[in-house]
Amino acid sequence: AQSVTQPDIHITVSEGASLELRCNYSYGATPYLFWYVQSPGQGLQLLLKYFSGDTLVQGIKGFEAEFKRSQSSFNLRKPSVHWSDAAEYFCAVGSYNQGGKLIFGQGTELSVKP
Amino acid sequence: EPEVTQTPSHQVTQMGQEVILRCVPISNHLYFYWYRQILGQKVEFLVSFYNNEISEKSEIFDDQFSVERPDGSNFTLKIRSTKLEDSAMYFCASTMGGANTGELFFGEGSRLTVL
């Protein structure tokens, strides 16, 4: 079955600390992978995407993610978290053949403490 | 920067009533979607729409749901007879398609509360 797992429901980090949000997927086809962020009252904003090529992808707001096919993972990282990064983060998987049908993870809520 | 806009931002309705959620996708996009997120649950795919017809729909998208692109700009989701379990945040999304397939641009959502 196709699925996305974000094992951490809620993470708290200190401002300036590094961050890693985990994402594992199960998907039959060659995956397209995405991280979206949702701030309170806002829509889903695309942080970064992986379609093919270099397995380390850079996104907006200083985020990056690494695709590891052997581990079926696409973890999101940021070297130094800012208070404005507090939000909910969603990992999603799709494929070219699935068009825009994305499968989302449960989401990880990030809190940033001063 | 172009964006997907949705109205209303919040709608409260009585069970059994019809609801129409409206979306204006990004103007040069060709593929349109509705997703929903029940409180505390995952964002779920409902339906995709291309070339004036449904491309794919999930099992959630039963006969109570319909989508329409009545003109060149709007994309609507209609729920004919709302149920309590339809209470959710509904997201509209659009994409150019082609090489960017899957890179969806989402609206801010319409929160539907069914009483």
# chains A, B, ... in the order shown; residues from 1 in each chain; ligands from 1
call {"tool": "interface_residues", "arguments": {"of": "chain A", "to": "chain B", "cutoff": "12 Å", "atoms": "only C-alpha atoms", "output": "MDAnalysis selection string"}}
result
chainID A and resid 3:6 9 31:52 88:109
call {"tool": "select_by_dssp", "arguments": {"residues": "segment 3-106 of chain B", "states": "strand (DSSP E)", "output": "PDB file with C-alpha atoms, in the first residue's frame"}}
result
ATOM      1  CA  THR B   5      -7.584  31.780  -3.814  1.00  0.00           C
ATOM      2  CA  GLN B   6     -10.486  30.108  -2.039  1.00  0.00           C
ATOM      3  CA  THR B   7     -13.811  31.338  -0.745  1.00  0.00           C
ATOM      4  CA  HIS B  10     -15.066  29.415   6.788  1.00  0.00           C
ATOM      5  CA  GLN B  11     -18.602  28.167   6.311  1.00  0.00           C
ATOM      6  CA  VAL B  12     -20.981  26.791   8.889  1.00  0.00           C
ATOM      7  CA  THR B  13     -23.936  24.806   7.615  1.00  0.00           C
ATOM      8  CA  VAL B  19     -22.491  23.729   0.112  1.00  0.00           C
ATOM      9  CA  ILE B  20     -20.396  25.164  -2.691  1.00  0.00           C
ATOM     10  CA  LEU B  21     -16.748  25.912  -2.120  1.00  0.00           C
ATOM     11  CA  ARG B  22     -15.076  28.129  -4.657  1.00  0.00           C
ATOM     12  CA  CYS B  23     -11.547  28.336  -5.920  1.00  0.00           C
ATOM     13  CA  VAL B  24      -9.702  30.488  -8.394  1.00  0.00           C
ATOM     14  CA  TYR B  31      -4.804  20.739 -13.621  1.00  0.00           C
ATOM     15  CA  PHE B  32      -7.020  21.336 -10.625  1.00  0.00           C
ATOM     16  CA  TYR B  33      -7.556  19.445  -7.428  1.00  0.00           C
ATOM     17  CA  TRP B  34      -9.488  19.297  -4.205  1.00  0.00           C
ATOM     18  CA  TYR B  35      -7.998  17.873  -1.062  1.00  0.00           C
ATOM     19  CA  ARG B  36      -9.435  17.814   2.421  1.00  0.00           C
ATOM     20  CA  GLN B  37      -8.075  17.599   5.928  1.00  0.00           C
ATOM     21  CA  VAL B  43      -4.488  15.759   4.051  1.00  0.00           C
ATOM     22  CA  GLU B  44      -6.417  13.496   1.659  1.00  0.00           C
ATOM     23  CA  PHE B  45      -6.844  13.624  -2.095  1.00  0.00           C
ATOM     24  CA  LEU B  46     -10.441  14.015  -3.250  1.00  0.00           C
ATOM     25  CA  VAL B  47     -10.446  14.664  -6.972  1.00  0.00           C
ATOM     26  CA  SER B  48      -8.394  15.859  -9.910  1.00  0.00           C
ATOM     27  CA  PHE B  49      -9.769  17.727 -12.896  1.00  0.00           C
ATOM     28  CA  TYR B  50      -8.282  18.341 -16.310  1.00  0.00           C
ATOM     29  CA  GLU B  53     -13.503  16.491 -16.744  1.00  0.00           C
ATOM     30  CA  ILE B  54     -12.573  14.486 -13.696  1.00  0.00           C
ATOM     31  CA  SER B  55      -9.260  12.673 -14.168  1.00  0.00           C
ATOM     32  CA  GLU B  56      -9.333  10.726 -10.954  1.00  0.00           C
ATOM     33  CA  LYS B  57     -11.314  10.625  -7.748  1.00  0.00           C
ATOM     34  CA  PHE B  65     -19.641  15.497  -4.297  1.00  0.00           C
ATOM     35  CA  SER B  66     -19.262  17.196  -7.640  1.00  0.00           C
ATOM     36  CA  VAL B  67     -16.806  19.587  -9.232  1.00  0.00           C
ATOM     37  CA  GLU B  68     -17.252  22.101 -11.963  1.00  0.00           C
ATOM     38  CA  PHE B  75     -13.275  25.777  -9.940  1.00  0.00           C
ATOM     39  CA  THR B  76     -15.970  24.679  -7.514  1.00  0.00           C
ATOM     40  CA  LEU B  77     -16.615  21.797  -5.177  1.00  0.00           C
ATOM     41  CA  LYS B  78     -20.241  21.083  -4.360  1.00  0.00           C
ATOM     42  CA  ILE B  79     -21.462  18.895  -1.565  1.00  0.00           C
ATOM     43  CA  ALA B  88     -13.020  19.514   7.385  1.00  0.00           C
ATOM     44  CA  MET B  89     -10.650  21.973   5.799  1.00  0.00           C
ATOM     45  CA  TYR B  90     -10.936  21.779   2.030  1.00  0.00           C
ATOM     46  CA  PHE B  91      -7.930  22.764  -0.039  1.00  0.00           C
ATOM     47  CA  CYS B  92      -7.959  23.624  -3.686  1.00  0.00           C
ATOM     48  CA  ALA B  93      -4.758  23.206  -5.666  1.00  0.00           C
ATOM     49  CA  SER B  94      -3.546  23.685  -9.195  1.00  0.00           C
ATOM     50  CA  THR B  95      -0.510  22.912 -11.296  1.00  0.00           C
ATOM     51  CA  PHE B 105       0.066  25.192  -5.483  1.00  0.00           C
ATOM     52  CA  PHE B 106      -2.477  25.185  -2.686  1.00  0.00           C
TER      53      PHE B 106
END
call {"tool": "residues_around", "arguments": {"residues": "Thr12 of chain A", "least_positions_apart": "6", "cutoff": "10 Å", "atoms": "only C-alpha atoms", "output": "list in words"}}
result
Leu19, Ala86, Glu109, Leu110, Ser111, Val112 and Lys113 of chain A
call {"tool": "residues_around", "arguments": {"residues": "Gln17 of chain B", "least_positions_apart": "2", "cutoff": "10 Å", "atoms": "only C-alpha atoms", "output": "list in words"}}
result
Thr13, Gln14, Met15, Val19, Ile79, Arg80, Ser81, Thr82, Lys83 and Val114 of chain B
call {"tool": "closest_residue", "arguments": {"among": "A:Gly28, A:His10, A:Gly53, A:Ala65", "to": "Arg77 of chain A", "atoms": "only C-alpha atoms"}}
result
A:Ala65
call {"tool": "select_by_dssp", "arguments": {"residues": "chain B", "states": "helix (DSSP H, G or I)", "output": "PyMOL selection string"}}
result
chain B and resi 84-86+98-100
call {"tool": "write_last_selection", "arguments": {"atoms": "C-alpha atoms", "output": "JSON list (two decimals), in the first residue's frame"}}
result
[["chain", "number", "residue", "atom", "x", "y", "z"],
["B", 84, "LEU", "CA", -21.36, 15.74, 10.00],
["B", 85, "GLU", "CA", -18.31, 13.87, 8.78],
["B", 86, "ASP", "CA", -17.86, 16.36, 5.94],
["B", 98, "GLY", "CA", 3.84, 18.24, -17.66],
["B", 99, "ALA", "CA", 7.33, 18.22, -16.19],
["B", 100, "ASN", "CA", 6.02, 19.94, -13.09]]
call {"tool": "residues_around", "arguments": {"residues": "Pro79 of chain A", "least_positions_apart": "3", "cutoff": "10 Å", "atoms": "only C-alpha atoms", "output": "short mmCIF file (atom, residue, chain, number, x, y, z; two decimals) with N, CA, C and O atoms, in the first residue's frame"}}
result
data_model
loop_
_atom_site.label_atom_id
_atom_site.label_comp_id
_atom_site.auth_asym_id
_atom_site.auth_seq_id
_atom_site.Cartn_x
_atom_site.Cartn_y
_atom_site.Cartn_z
N GLY A 16 17.88 28.59 16.77
CA GLY A 16 19.30 28.48 16.45
C GLY A 16 19.81 27.04 16.39
O GLY A 16 20.88 26.77 15.85
N ALA A 17 19.03 26.12 16.92
CA ALA A 17 19.42 24.71 16.87
C ALA A 17 19.11 24.14 15.51
O ALA A 17 18.33 24.69 14.73
N SER A 18 19.73 22.98 15.24
CA SER A 18 19.46 22.32 13.97
C SER A 18 18.17 21.50 14.08
O SER A 18 17.69 21.17 15.17
N LEU A 19 17.65 21.18 12.91
CA LEU A 19 16.36 20.49 12.85
C LEU A 19 16.42 19.37 11.82
O LEU A 19 17.01 19.53 10.74
N GLU A 20 15.83 18.24 12.17
CA GLU A 20 15.61 17.19 11.18
C GLU A 20 14.22 16.62 11.40
O GLU A 20 13.90 16.14 12.49
N GLY A 62 15.88 28.21 3.61
CA GLY A 62 17.05 27.54 4.15
C GLY A 62 16.89 26.05 4.43
O GLY A 62 17.75 25.44 5.05
N PHE A 63 15.80 25.47 3.97
CA PHE A 63 15.57 24.04 4.18
C PHE A 63 16.23 23.21 3.08
O PHE A 63 16.37 23.66 1.94
N GLU A 64 16.58 22.00 3.44
CA GLU A 64 17.06 21.03 2.47
C GLU A 64 16.51 19.65 2.85
O GLU A 64 16.06 19.43 3.98
N HIS A 82 14.72 29.22 13.02
CA HIS A 82 14.26 30.55 13.40
C HIS A 82 12.87 30.43 14.00
O HIS A 82 12.11 29.51 13.67
#
call {"tool": "residues_around", "arguments": {"residues": "Phe74 of chain A", "least_positions_apart": "6", "cutoff": "6 Å", "atoms": "only C-alpha atoms", "output": "count of residues only"}}
result
3
call {"tool": "atom_distance", "arguments": {"atom1": "atom CA of Ser70 of chain A", "atom2": "atom CA of Arg22 of chain A"}}
result
14.8 Å
call {"tool": "closest_residue", "arguments": {"among": "B:Leu112, B:Glu3, B:Pro70, B:Asp62", "to": "Asn28 of chain B", "atoms": "only C-alpha atoms"}}
result
B:Glu3
call {"tool": "atom_distance", "arguments": {"atom1": "atom CA of Gly59 of chain A", "atom2": "atom CA of Asn75 of chain A"}}
result
12.6 Å
call {"tool": "closest_residue", "arguments": {"among": "A:Ala29, A:Ala87, A:Leu21, A:Val57", "to": "Ala1 of chain A", "atoms": "only C-alpha atoms"}}
result
A:Ala29
